[in-house]
>>> print(open('coords36.tsv').read())   # TSV, C-alpha atoms and all ligand atoms
chain	number	residue	atom	x	y	z
A	119	MET	CA	44.21	-100.36	-42.27
A	120	THR	CA	43.18	-104.00	-42.78
A	121	SER	CA	42.06	-105.68	-39.56
A	122	THR	CA	43.61	-109.06	-38.85
A	123	VAL	CA	41.82	-109.59	-35.52
A	124	ARG	CA	38.31	-108.51	-34.51
A	125	VAL	CA	36.99	-108.95	-30.99
A	126	SER	CA	33.29	-108.01	-30.87
A	127	ASP	CA	31.56	-107.66	-27.52
A	128	VAL	CA	33.25	-110.79	-26.20
A	129	THR	CA	32.55	-112.28	-22.80
A	130	LYS	CA	34.27	-115.42	-21.58
A	131	ALA	CA	33.12	-116.98	-18.32
A	132	TYR	CA	34.75	-119.87	-16.49
A	133	GLY	CA	31.87	-120.96	-14.32
A	134	ARG	CA	30.99	-117.88	-12.33
A	135	VAL	CA	34.24	-116.06	-13.09
A	136	GLU	CA	33.94	-113.68	-16.02
A	137	ALA	CA	37.54	-113.55	-17.25
A	138	VAL	CA	36.63	-111.19	-20.13
A	139	ARG	CA	33.54	-108.96	-20.07
A	140	GLY	CA	32.13	-107.31	-23.19
A	141	ALA	CA	35.49	-106.56	-24.82
A	142	SER	CA	35.61	-105.09	-28.31
A	143	PHE	CA	38.59	-104.01	-30.41
A	144	ALA	CA	40.24	-104.68	-33.74
A	145	LEU	CA	43.92	-105.10	-34.50
A	146	GLY	CA	45.30	-103.87	-37.81
A	147	GLN	CA	47.91	-105.41	-40.03
A	148	GLY	CA	51.37	-104.31	-38.88
A	149	GLU	CA	50.12	-102.88	-35.60
A	150	LEU	CA	52.23	-103.38	-32.48
A	151	VAL	CA	49.84	-103.33	-29.53
A	152	ALA	CA	50.61	-103.67	-25.83
A	153	LEU	CA	47.91	-105.43	-23.80
A	154	ILE	CA	48.32	-104.28	-20.22
A	155	GLY	CA	46.69	-105.51	-17.02
A	156	HIS	CA	47.27	-106.99	-13.58
A	157	ASN	CA	47.17	-110.69	-12.76
A	158	GLY	CA	43.76	-112.03	-13.71
A	159	ALA	CA	42.84	-109.06	-15.93
A	160	GLY	CA	41.96	-111.41	-18.79
A	161	LYS	CA	45.01	-111.03	-21.04
A	162	THR	CA	45.77	-114.74	-21.44
A	163	THR	CA	42.07	-115.50	-21.90
A	164	LEU	CA	41.90	-112.99	-24.77
A	165	MET	CA	44.90	-114.62	-26.44
A	166	LYS	CA	43.45	-118.11	-26.03
A	167	LEU	CA	40.23	-116.86	-27.61
A	168	MET	CA	42.19	-115.44	-30.56
A	169	LEU	CA	44.02	-118.75	-30.92
A	170	GLY	CA	40.72	-120.62	-30.95
A	171	LEU	CA	41.79	-122.72	-27.94
A	172	ILE	CA	38.61	-121.63	-26.15
A	173	ARG	CA	35.30	-120.21	-27.36
A	174	PRO	CA	33.63	-117.02	-26.17
A	175	THR	CA	30.60	-117.40	-23.91
A	176	SER	CA	29.05	-114.60	-25.98
A	177	GLY	CA	30.22	-112.25	-28.70
A	178	ALA	CA	32.42	-113.08	-31.67
A	179	ILE	CA	36.10	-113.39	-32.52
A	180	GLU	CA	37.45	-113.17	-36.04
A	181	VAL	CA	41.09	-113.79	-36.91
A	182	LEU	CA	42.32	-113.42	-40.49
A	183	GLY	CA	38.71	-113.31	-41.62
A	184	ASP	CA	37.50	-116.47	-39.86
A	185	ASN	CA	36.39	-117.93	-36.56
A	186	PRO	CA	39.61	-119.29	-35.00
A	187	ALA	CA	37.69	-121.92	-32.99
A	188	ALA	CA	36.20	-123.46	-36.14
A	189	GLY	CA	37.61	-126.88	-36.99
A	190	GLU	CA	38.47	-125.81	-40.53
A	191	PHE	CA	40.06	-122.47	-39.52
A	192	ALA	CA	42.36	-121.73	-42.45
A	193	GLY	CA	44.43	-119.08	-40.66
A	194	ARG	CA	45.80	-121.40	-37.96
A	195	ARG	CA	49.22	-121.69	-39.56
A	196	GLN	CA	49.46	-117.92	-39.79
A	197	LEU	CA	49.10	-117.44	-36.06
A	198	GLY	CA	52.21	-117.41	-33.86
A	199	TYR	CA	52.00	-117.76	-30.07
A	200	LEU	CA	54.54	-117.41	-27.31
A	201	PRO	CA	52.91	-118.61	-24.08
A	202	GLU	CA	53.76	-117.23	-20.69
A	203	ASN	CA	56.52	-119.30	-19.01
A	204	VAL	CA	57.49	-121.18	-22.12
A	205	SER	CA	59.65	-124.19	-21.28
A	206	PHE	CA	61.87	-126.42	-23.38
A	207	ASP	CA	63.74	-129.67	-22.90
A	208	PRO	CA	66.96	-128.47	-21.21
A	209	ALA	CA	68.97	-131.38	-22.62
A	210	LEU	CA	68.45	-130.26	-26.24
A	211	THR	CA	70.46	-127.53	-27.94
A	212	GLY	CA	68.76	-124.46	-29.37
A	213	ARG	CA	69.14	-125.89	-32.89
A	214	GLU	CA	67.71	-129.27	-31.91
A	215	THR	CA	64.76	-127.59	-30.21
A	216	GLN	CA	64.01	-125.38	-33.20
A	217	ALA	CA	64.40	-128.30	-35.64
A	218	PHE	CA	62.01	-130.38	-33.53
A	219	TYR	CA	59.30	-127.70	-33.66
A	220	ALA	CA	59.91	-127.13	-37.38
A	221	ARG	CA	59.24	-130.84	-38.07
A	222	LEU	CA	56.21	-130.77	-35.81
A	223	LYS	CA	54.80	-127.82	-37.76
A	224	ARG	CA	55.97	-129.21	-41.10
A	225	GLU	CA	58.14	-126.19	-41.80
A	226	PRO	CA	61.51	-126.38	-43.60
A	227	VAL	CA	64.22	-126.96	-40.98
A	228	ALA	CA	66.82	-124.77	-42.73
A	229	LYS	CA	64.45	-121.79	-42.68
A	230	ALA	CA	63.58	-122.49	-39.04
A	231	LEU	CA	67.26	-122.46	-38.09
A	232	ASP	CA	67.68	-119.09	-39.83
A	233	LEU	CA	65.16	-117.74	-37.34
A	234	LEU	CA	67.65	-118.45	-34.55
A	235	ASP	CA	69.95	-115.89	-36.17
A	236	ALA	CA	67.04	-113.47	-36.53
A	237	VAL	CA	66.40	-113.55	-32.76
A	238	GLY	CA	70.11	-113.25	-31.95
A	239	LEU	CA	70.68	-116.86	-30.88
A	240	GLY	CA	72.87	-117.91	-33.81
A	241	ALA	CA	76.08	-118.02	-31.79
A	242	ALA	CA	74.47	-119.93	-28.93
A	243	SER	CA	72.43	-122.30	-31.07
A	244	ARG	CA	74.70	-125.31	-30.44
A	245	ARG	CA	74.53	-124.87	-26.68
A	246	ARG	CA	72.08	-126.80	-24.55
A	247	VAL	CA	68.98	-124.94	-23.46
A	248	SER	CA	69.96	-125.70	-19.84
A	249	THR	CA	72.76	-123.11	-20.22
A	250	TYR	CA	70.40	-120.43	-21.59
A	251	SER	CA	69.40	-117.36	-19.58
A	252	LYS	CA	65.72	-116.44	-19.23
A	253	GLY	CA	66.13	-113.91	-22.05
A	254	MET	CA	67.65	-116.52	-24.34
A	255	ARG	CA	64.82	-118.95	-23.62
A	256	GLN	CA	62.31	-116.21	-24.40
A	257	ARG	CA	64.07	-115.56	-27.70
A	258	LEU	CA	64.03	-119.29	-28.46
A	259	GLY	CA	60.30	-119.17	-27.75
A	260	LEU	CA	59.99	-116.27	-30.15
A	261	ALA	CA	61.90	-118.19	-32.84
A	262	GLN	CA	59.41	-121.01	-32.40
A	263	ALA	CA	56.44	-118.63	-32.56
A	264	LEU	CA	57.85	-117.22	-35.80
A	265	LEU	CA	57.84	-120.58	-37.59
A	266	GLY	CA	55.79	-120.31	-40.76
A	267	ALA	CA	56.05	-116.49	-40.89
A	268	PRO	CA	52.82	-115.75	-38.97
A	269	ARG	CA	50.69	-112.75	-39.89
A	270	VAL	CA	49.50	-112.45	-36.30
A	271	LEU	CA	51.86	-112.89	-33.36
A	272	LEU	CA	50.55	-113.22	-29.80
A	273	LEU	CA	53.19	-112.86	-27.08
A	274	ASP	CA	52.06	-113.50	-23.51
A	275	GLU	CA	54.22	-111.51	-21.09
A	276	PRO	CA	57.41	-112.13	-23.07
A	277	THR	CA	59.51	-109.53	-21.30
A	278	THR	CA	58.53	-110.25	-17.68
A	279	GLY	CA	61.67	-110.99	-15.69
A	280	LEU	CA	64.05	-109.71	-18.35
A	281	ASP	CA	66.57	-107.02	-17.56
A	282	PRO	CA	66.13	-103.67	-19.38
A	283	GLU	CA	68.77	-104.47	-22.00
A	284	LEU	CA	67.16	-107.78	-22.93
A	285	ARG	CA	63.72	-106.19	-22.96
A	286	GLN	CA	65.09	-103.65	-25.41
A	287	THR	CA	66.56	-106.37	-27.67
A	288	PHE	CA	63.30	-108.30	-27.58
A	289	TYR	CA	61.31	-105.19	-28.30
A	290	ASP	CA	63.55	-104.20	-31.23
A	291	ILE	CA	62.97	-107.62	-32.81
A	292	ILE	CA	59.18	-107.41	-32.58
A	293	ALA	CA	59.11	-103.76	-33.70
A	294	ARG	CA	60.92	-104.88	-36.88
A	295	LEU	CA	58.38	-107.67	-37.40
A	296	ALA	CA	55.51	-105.22	-37.03
A	297	ALA	CA	57.16	-102.79	-39.44
A	298	ALA	CA	57.27	-105.68	-41.94
A	299	GLY	CA	53.49	-106.14	-41.62
A	300	THR	CA	52.99	-108.63	-38.78
A	301	THR	CA	50.28	-107.81	-36.26
A	302	VAL	CA	51.92	-108.11	-32.83
A	303	LEU	CA	49.97	-108.25	-29.56
A	304	LEU	CA	52.25	-108.20	-26.54
A	305	SER	CA	50.86	-108.59	-23.03
A	306	SER	CA	52.47	-107.22	-19.91
A	307	HIS	CA	51.61	-106.58	-16.27
A	308	ALA	CA	52.56	-102.96	-16.41
A	309	LEU	CA	53.53	-100.25	-18.79
A	310	THR	CA	57.26	-99.80	-18.93
A	311	GLU	CA	59.04	-97.42	-21.27
A	312	LEU	CA	59.18	-100.28	-23.78
A	313	GLU	CA	55.46	-101.03	-23.91
A	314	GLU	CA	54.96	-97.27	-24.12
A	315	ARG	CA	56.78	-97.43	-27.46
A	316	ALA	CA	54.04	-99.67	-28.88
A	317	GLY	CA	51.84	-97.82	-31.35
A	318	ARG	CA	48.82	-98.58	-29.21
A	319	VAL	CA	48.03	-99.67	-25.68
A	320	ILE	CA	44.95	-101.62	-24.56
A	321	ILE	CA	44.39	-101.67	-20.82
A	322	MET	CA	42.35	-104.44	-19.19
A	323	ASN	CA	41.08	-104.44	-15.63
A	324	ARG	CA	39.16	-107.42	-14.25
A	325	GLY	CA	38.05	-108.55	-17.68
A	326	ILE	CA	36.98	-105.11	-18.88
A	327	LYS	CA	38.77	-103.02	-21.49
A	328	VAL	CA	39.24	-99.73	-19.67
A	329	ALA	CA	41.42	-97.87	-22.17
A	330	ASP	CA	42.58	-98.20	-25.76
A	331	GLY	CA	44.71	-95.73	-27.68
A	332	SER	CA	48.18	-94.40	-28.29
A	333	ILE	CA	50.20	-93.65	-25.20
A	334	ASP	CA	49.83	-89.92	-25.91
A	335	GLU	CA	46.04	-90.25	-26.16
A	336	LEU	CA	45.95	-92.18	-22.88
A	337	ARG	CA	48.06	-89.54	-21.18
A	338	ARG	CA	45.73	-86.82	-22.42
A	339	LEU	CA	42.71	-88.79	-21.13
A	340	ALA	CA	44.35	-89.23	-17.76
A	341	ARG	CA	44.72	-85.45	-17.52
A	342	LEU	CA	41.02	-84.75	-18.13
A	343	PRO	CA	39.24	-83.06	-15.19
A	344	THR	CA	37.02	-86.10	-14.66
A	345	ARG	CA	40.23	-88.10	-14.26
A	346	ILE	CA	39.64	-91.41	-15.85
A	347	ARG	CA	41.57	-93.71	-13.59
A	348	LEU	CA	43.75	-96.24	-15.27
A	349	LYS	CA	44.06	-98.88	-12.61
A	350	VAL	CA	47.16	-100.66	-13.79
B	1	LIG	P1	48.13	-113.21	-15.59
B	1	LIG	O1	48.83	-111.94	-15.66
B	1	LIG	O2	48.12	-113.80	-14.22
B	1	LIG	O3	48.51	-114.19	-16.65
B	1	LIG	P2	45.75	-112.62	-17.13
B	1	LIG	O4	45.46	-111.19	-17.33
B	1	LIG	O5	46.40	-113.34	-18.25
B	1	LIG	O6	46.56	-112.82	-15.81
B	1	LIG	P3	43.71	-114.67	-17.25
B	1	LIG	O7	44.70	-115.78	-17.13
B	1	LIG	O8	43.08	-114.45	-18.56
B	1	LIG	O9	44.35	-113.30	-16.76
B	1	LIG	O10	42.60	-114.91	-16.13
B	1	LIG	C1	41.45	-114.08	-15.99
B	1	LIG	C2	40.56	-114.66	-14.88
B	1	LIG	O11	40.03	-115.90	-15.32
B	1	LIG	C3	41.28	-114.94	-13.58
B	1	LIG	O12	40.38	-114.65	-12.53
B	1	LIG	C4	41.57	-116.42	-13.65
B	1	LIG	O13	41.64	-116.98	-12.35
B	1	LIG	C5	40.36	-116.94	-14.41
B	1	LIG	N1	40.69	-118.14	-15.21
B	1	LIG	C6	41.58	-118.19	-16.23
B	1	LIG	N2	41.60	-119.43	-16.76
B	1	LIG	C7	40.71	-120.18	-16.06
B	1	LIG	C8	40.26	-121.53	-16.14
B	1	LIG	N3	40.73	-122.36	-17.06
B	1	LIG	N4	39.32	-121.93	-15.27
B	1	LIG	C9	38.81	-121.09	-14.35
B	1	LIG	N5	39.17	-119.79	-14.22
B	1	LIG	C10	40.12	-119.33	-15.07
>>> encode(input="coords36.tsv", output="structure tokens")
Amino acid sequence: MTSTVRVSDVTKAYGRVEAVRGASFALGQGELVALIGHNGAGKTTLMKLMLGLIRPTSGAIEVLGDNPAAGEFAGRRQLGYLPENVSFDPALTGRETQAFYARLKREPVAKALDLLDAVGLGAASRRRVSTYSKGMRQRLGLAQALLGAPRVLLLDEPTTGLDPELRQTFYDIIARLAAAGTTVLLSSHALTELEERAGRVIIMNRGIKVADGSIDELRRLARLPTRIRLKV
């Protein structure tokens, strides 16, 4: 499988706080990976490193074959990001919001509006964002992250606060994207039945990667006599 993201022995310190400590993993094309950990485990820091918004203190990050923090990083347009607690201008409609971001990213507006249908917001697209539920705002955020058909999609706690039905809808959308070849990294505080459906689960605890594998592999590990504790 071709790797789209490589994290090699990465440490990121903010002053004396080591947000990520010696993490290594690679993400393959079309993989859907759940990144699990408590508050402060280092999930957002890992995503910001992959986006090139911050640089590692030591170690290396490669995204789509390049250093994402380099000024001339060619893969930038192929990276989609849904930040935690995404917020939009409540006075704009869904269409106006999506058209605004399309212009900002120099993407065709008609194509961008089609993405509203893809995330199930077609019928509500002429309503103001102020009338949207949390789940609808998350899906609008996803539509924005999908502008430019990214090859790597980073979603920071997209399903937190959503009811099980909306989580399922959201999950179905990203599972389809992964099946079509997009690498999807989805962070979450805890493993729910939905994250368990991801092909692979990476567990972070206080900046350290403590587990990485399919949910079945992790269950088998947890049953070993030495009992590797997954503190999540
Ligand atoms: P959450 O679930 O709360 O979003 P997280 O797993 O995403 O947590 P990070 O946001 O990556 O965790 O934070 C990891 C650690 O780094 C925390 O101790 C946090 O306080 C610290 N940290 C993150 N960003 C900064 C910053 N800009 N300056 C100083 N410390 C930071």
>>> residues_around(input="coords36.tsv", residues="Thr175 in chain A", least_positions_apart="6", cutoff="8 Å", atoms="only C-alpha atoms", output="tab-separated table (two decimals) with C-alpha atoms, in the frame of the given file")
chain	number	residue	atom	x	y	z
A	128	VAL	CA	33.25	-110.79	-26.20
A	129	THR	CA	32.55	-112.28	-22.80
A	130	LYS	CA	34.27	-115.42	-21.58
A	131	ALA	CA	33.12	-116.98	-18.32
>>> closest_residue(input="coords36.tsv", among="A:Asp281, A:Glu311, A:Asp290, A:Asp330", to="Lys252 in chain A", atoms="only C-alpha atoms")
A:Asp281
>>> atom_distance(input="coords36.tsv", atom1="atom N5 of ligand LIG 1 (chain B)", atom2="CA of Gly325 in chain A")
11.8 Å
>>> residues_near_ligand(input="coords36.tsv", ligand="ligand LIG 1 (chain B)", cutoff="10 Å", atoms="all atoms listed in the file", output="PyMOL selection string")
chain A and resi 130-138+153-167+172+201-203+274-275+305-308+322-325
>>> atom_distance(input="coords36.tsv", atom1="CA of Phe191 in chain A", atom2="CA of Ala316 in chain A")
28.8 Å
>>> atom_distance(input="coords36.tsv", atom1="CA of Ala152 in chain A", atom2="CA of Ile291 in chain A")
14.7 Å
>>> residues_around(input="coords36.tsv", residues="Ala267 in chain A", least_positions_apart="4", cutoff="12 Å", atoms="all atoms listed in the file", output="ChimeraX atom specification")
/A:193-199,220,223,225-226,229-230,232-233,260-263,271,295-296,298-301
>>> closest_residue(input="coords36.tsv", among="A:Arg245, A:Arg337, A:Arg221, A:Arg124", to="Asn185 in chain A", atoms="only C-alpha atoms")
A:Arg124
>>> closest_residue(input="coords36.tsv", among="A:Ala217, A:Val247, A:Ser176, A:Val204", to="Gly259 in chain A", atoms="only C-alpha atoms")
A:Val204
>>> residues_around(input="coords36.tsv", residues="Gly238 in chain A", least_positions_apart="2", cutoff="12 Å", atoms="only C-alpha atoms", output="number ranges by chain")
A: 212, 231-236, 240-243, 253-258, 260-261, 284, 287-288, 290-291
>>> axis_aligned_box(input="coords36.tsv", around="range 304-314 of chain A", padding_each_side="3 Å", output="JSON")
{"center_x": 55.0, "center_y": -102.9, "center_z": -21.4, "size_x": 14.3, "size_y": 17.3, "size_z": 16.3}
>>> closest_residue(input="coords36.tsv", among="A:Leu210, A:Leu303, A:Leu312, A:Ala329", to="Val270 in chain A", atoms="only C-alpha atoms")
A:Leu303
>>> closest_residue(input="coords36.tsv", among="A:Glu214, A:Asp127, A:Glu283, A:Asp334", to="Ala178 in chain A", atoms="all atoms listed in the file")
A:Asp127
>>> closest_residue(input="coords36.tsv", among="A:Ala188, A:Tyr289, A:Val181, A:Gly148", to="Val237 in chain A", atoms="all atoms listed in the file")
A:Tyr289
>>> residues_around(input="coords36.tsv", residues="Ser121 in chain A", least_positions_apart="5", cutoff="6 Å", atoms="only C-alpha atoms", output="short mmCIF file (atom, residue, chain, number, x, y, z; two decimals) with C-alpha atoms, in the frame of the given file")
data_model
loop_
_atom_site.label_atom_id
_atom_site.label_comp_id
_atom_site.auth_asym_id
_atom_site.auth_seq_id
_atom_site.Cartn_x
_atom_site.Cartn_y
_atom_site.Cartn_z
CA LEU A 145 43.92 -105.10 -34.50
CA GLY A 146 45.30 -103.87 -37.81
CA GLN A 147 47.91 -105.41 -40.03
#
>>> residues_around(input="coords36.tsv", residues="Met168 in chain A", least_positions_apart="6", cutoff="9 Å", atoms="only C-alpha atoms", output="list in words")
Val123, Arg124, Val125, Ile179, Glu180, Val181, Asn185, Pro186, Ala187 and Leu272 of chain A
>>> build_atoms(input="coords36.tsv", residues="range 132-147 of chain A", atoms="N, CA and C atoms", output="mmCIF file, in the frame of the given file")
data_model
loop_
_atom_site.group_PDB
_atom_site.id
_atom_site.type_symbol
_atom_site.label_atom_id
_atom_site.label_comp_id
_atom_site.auth_asym_id
_atom_site.auth_seq_id
_atom_site.Cartn_x
_atom_site.Cartn_y
_atom_site.Cartn_z
ATOM 1 N N TYR A 132 34.371 -118.533 -16.979
ATOM 2 C CA TYR A 132 34.750 -119.870 -16.490
ATOM 3 C C TYR A 132 33.870 -120.092 -15.281
ATOM 4 N N GLY A 133 32.811 -120.825 -15.431
ATOM 5 C CA GLY A 133 31.870 -120.960 -14.320
ATOM 6 C C GLY A 133 31.336 -119.583 -13.977
ATOM 7 N N ARG A 134 31.525 -119.183 -12.720
ATOM 8 C CA ARG A 134 30.990 -117.880 -12.330
ATOM 9 C C ARG A 134 31.974 -116.729 -12.545
ATOM 10 N N VAL A 135 33.223 -117.097 -12.876
ATOM 11 C CA VAL A 135 34.240 -116.060 -13.090
ATOM 12 C C VAL A 135 34.176 -115.555 -14.528
ATOM 13 N N GLU A 136 33.909 -114.258 -14.680
ATOM 14 C CA GLU A 136 33.940 -113.680 -16.020
ATOM 15 C C GLU A 136 35.355 -113.136 -16.279
ATOM 16 N N ALA A 137 36.136 -113.918 -17.011
ATOM 17 C CA ALA A 137 37.540 -113.550 -17.250
ATOM 18 C C ALA A 137 37.633 -112.375 -18.212
ATOM 19 N N VAL A 138 36.704 -112.309 -19.179
ATOM 20 C CA VAL A 138 36.630 -111.190 -20.130
ATOM 21 C C VAL A 138 35.159 -110.770 -20.189
ATOM 22 N N ARG A 139 34.931 -109.461 -20.110
ATOM 23 C CA ARG A 139 33.540 -108.960 -20.070
ATOM 24 C C ARG A 139 33.310 -107.911 -21.144
ATOM 25 N N GLY A 140 32.567 -108.278 -22.164
ATOM 26 C CA GLY A 140 32.130 -107.310 -23.190
ATOM 27 C C GLY A 140 33.256 -106.557 -23.874
ATOM 28 N N ALA A 141 34.347 -107.249 -24.187
ATOM 29 C CA ALA A 141 35.490 -106.560 -24.820
ATOM 30 C C ALA A 141 35.308 -106.456 -26.329
ATOM 31 N N SER A 142 35.632 -105.297 -26.852
ATOM 32 C CA SER A 142 35.610 -105.090 -28.310
ATOM 33 C C SER A 142 36.844 -104.300 -28.731
ATOM 34 N N PHE A 143 37.516 -104.778 -29.765
ATOM 35 C CA PHE A 143 38.590 -104.010 -30.410
ATOM 36 C C PHE A 143 39.009 -104.745 -31.675
ATOM 37 N N ALA A 144 39.698 -104.041 -32.538
ATOM 38 C CA ALA A 144 40.240 -104.680 -33.740
ATOM 39 C C ALA A 144 41.731 -104.376 -33.791
ATOM 40 N N LEU A 145 42.488 -105.312 -34.325
ATOM 41 C CA LEU A 145 43.920 -105.100 -34.500
ATOM 42 C C LEU A 145 44.216 -105.039 -35.992
ATOM 43 N N GLY A 146 45.005 -104.043 -36.384
ATOM 44 C CA GLY A 146 45.300 -103.870 -37.810
ATOM 45 C C GLY A 146 46.582 -104.576 -38.221
ATOM 46 N N GLN A 147 46.683 -104.812 -39.511
ATOM 47 C CA GLN A 147 47.910 -105.410 -40.030
ATOM 48 C C GLN A 147 49.105 -104.507 -39.714
#
